[in-house]
Amino acid sequence: MKSRLNELEFWGMQFFYEYYGKEYGHDQKKVFERLTQEFGAEKVADYKQKCGNEFDRKIDI
């Protein structure tokens with residue numbers, strides 16, 4: 001499945017994920033409901049998938 005998010009959209013959603021997380025006391029259900037209202041279900045699904053790819057990698061420092 002090809003992602004419908006470009007890098008700028010991904011990091012924009014990441015910003016709002018953090019922002020709404022603070023606003024809603026880190027309640028994941030409320031955060032993703034708000035993201036879905038703002039960006040749409042398809043983009044939120046792509047965001048979740050890309051988060052797994054982006055943040056689950058092990059990085060050698």
# chains A, B, ... in the order shown; residues from 1 in each chain; ligands from 1
$ residues_around --residues "stretch 40-47 of chain A" --least-positions-apart "2" --cutoff "12 Å" --atoms "only C-alpha atoms" --output "PyMOL selection string"
chain A and resi 1-17+31-38+49-55
$ write_last_selection --atoms "N, CA and C atoms" --output "compact mmCIF listing (two decimals), in the first residue's frame"
# COMPACT_ATOMS: atom_id res chain seq x y z
N MET A 1 0.84 -1.18 0.00
CA MET A 1 0.00 0.00 0.00
C MET A 1 0.88 1.24 0.00
N LYS A 2 0.68 2.10 -0.94
CA LYS A 2 1.46 3.33 -1.03
C LYS A 2 0.87 4.38 -0.09
N SER A 3 1.75 5.02 0.66
CA SER A 3 1.32 6.04 1.61
C SER A 3 0.81 7.27 0.87
N ARG A 4 -0.25 7.86 1.39
CA ARG A 4 -0.79 9.09 0.81
C ARG A 4 -0.22 10.32 1.52
N LEU A 5 0.73 10.09 2.44
CA LEU A 5 1.35 11.19 3.18
C LEU A 5 2.74 11.49 2.64
N ASN A 6 3.03 12.76 2.43
CA ASN A 6 4.41 13.11 2.14
C ASN A 6 5.10 13.42 3.48
N GLU A 7 6.38 13.70 3.45
CA GLU A 7 7.13 13.93 4.69
C GLU A 7 6.59 15.12 5.48
N LEU A 8 6.25 16.20 4.80
CA LEU A 8 5.74 17.38 5.49
C LEU A 8 4.41 17.08 6.19
N GLU A 9 3.53 16.36 5.52
CA GLU A 9 2.26 15.99 6.14
C GLU A 9 2.48 15.07 7.34
N PHE A 10 3.41 14.12 7.19
CA PHE A 10 3.70 13.21 8.30
C PHE A 10 4.15 13.98 9.54
N TRP A 11 5.13 14.87 9.36
CA TRP A 11 5.65 15.60 10.53
C TRP A 11 4.64 16.63 11.04
N GLY A 12 3.78 17.13 10.18
CA GLY A 12 2.69 17.99 10.64
C GLY A 12 1.73 17.22 11.52
N MET A 13 1.40 16.01 11.11
CA MET A 13 0.51 15.18 11.92
C MET A 13 1.19 14.78 13.23
N GLN A 14 2.49 14.56 13.17
CA GLN A 14 3.23 14.24 14.40
C GLN A 14 3.15 15.39 15.40
N PHE A 15 3.27 16.62 14.88
CA PHE A 15 3.13 17.79 15.75
C PHE A 15 1.76 17.80 16.42
N PHE A 16 0.70 17.62 15.63
CA PHE A 16 -0.65 17.64 16.20
C PHE A 16 -0.91 16.44 17.10
N TYR A 17 -0.29 15.30 16.81
CA TYR A 17 -0.40 14.14 17.69
C TYR A 17 0.12 14.51 19.08
N VAL A 31 -7.20 11.33 21.00
CA VAL A 31 -6.21 11.94 20.10
C VAL A 31 -6.45 11.49 18.66
N PHE A 32 -6.63 10.18 18.45
CA PHE A 32 -6.84 9.69 17.09
C PHE A 32 -8.21 10.09 16.55
N GLU A 33 -9.21 10.22 17.39
CA GLU A 33 -10.51 10.74 16.93
C GLU A 33 -10.34 12.17 16.41
N ARG A 34 -9.60 12.99 17.14
CA ARG A 34 -9.38 14.38 16.73
C ARG A 34 -8.55 14.45 15.45
N LEU A 35 -7.51 13.63 15.35
CA LEU A 35 -6.71 13.59 14.13
C LEU A 35 -7.56 13.18 12.94
N THR A 36 -8.46 12.22 13.15
CA THR A 36 -9.34 11.76 12.08
C THR A 36 -10.28 12.88 11.65
N GLN A 37 -10.79 13.65 12.60
CA GLN A 37 -11.65 14.80 12.24
C GLN A 37 -10.88 15.81 11.41
N GLU A 38 -9.64 16.05 11.78
CA GLU A 38 -8.84 17.09 11.12
C GLU A 38 -8.29 16.65 9.76
N GLN A 49 0.62 3.73 10.14
CA GLN A 49 1.51 2.78 9.48
C GLN A 49 2.92 3.36 9.37
N LYS A 50 3.00 4.61 8.96
CA LYS A 50 4.32 5.22 8.80
C LYS A 50 5.00 5.42 10.14
N CYS A 51 4.25 5.68 11.21
CA CYS A 51 4.85 5.78 12.54
C CYS A 51 5.55 4.49 12.91
N GLY A 52 4.89 3.39 12.63
CA GLY A 52 5.52 2.10 12.91
C GLY A 52 6.82 1.94 12.16
N ASN A 53 6.82 2.34 10.90
CA ASN A 53 8.02 2.24 10.09
C ASN A 53 9.09 3.23 10.55
N GLU A 54 8.68 4.42 10.91
CA GLU A 54 9.61 5.51 11.25
C GLU A 54 10.24 5.32 12.63
N PHE A 55 9.42 4.93 13.61
CA PHE A 55 9.89 4.93 14.99
C PHE A 55 10.25 3.56 15.53
$ select_by_dssp --residues "chain A" --states "helix (DSSP H, G or I)" --output "JSON, numbers by chain"
{"A": [7, 8, 9, 10, 11, 12, 13, 14, 15, 16, 17, 18, 19, 20, 21, 22, 23, 28, 29, 30, 31, 32, 33, 34, 35, 36, 37, 38, 39, 41, 42, 43, 44, 45, 46, 47, 48, 49, 50, 51, 52, 53, 54, 55]}
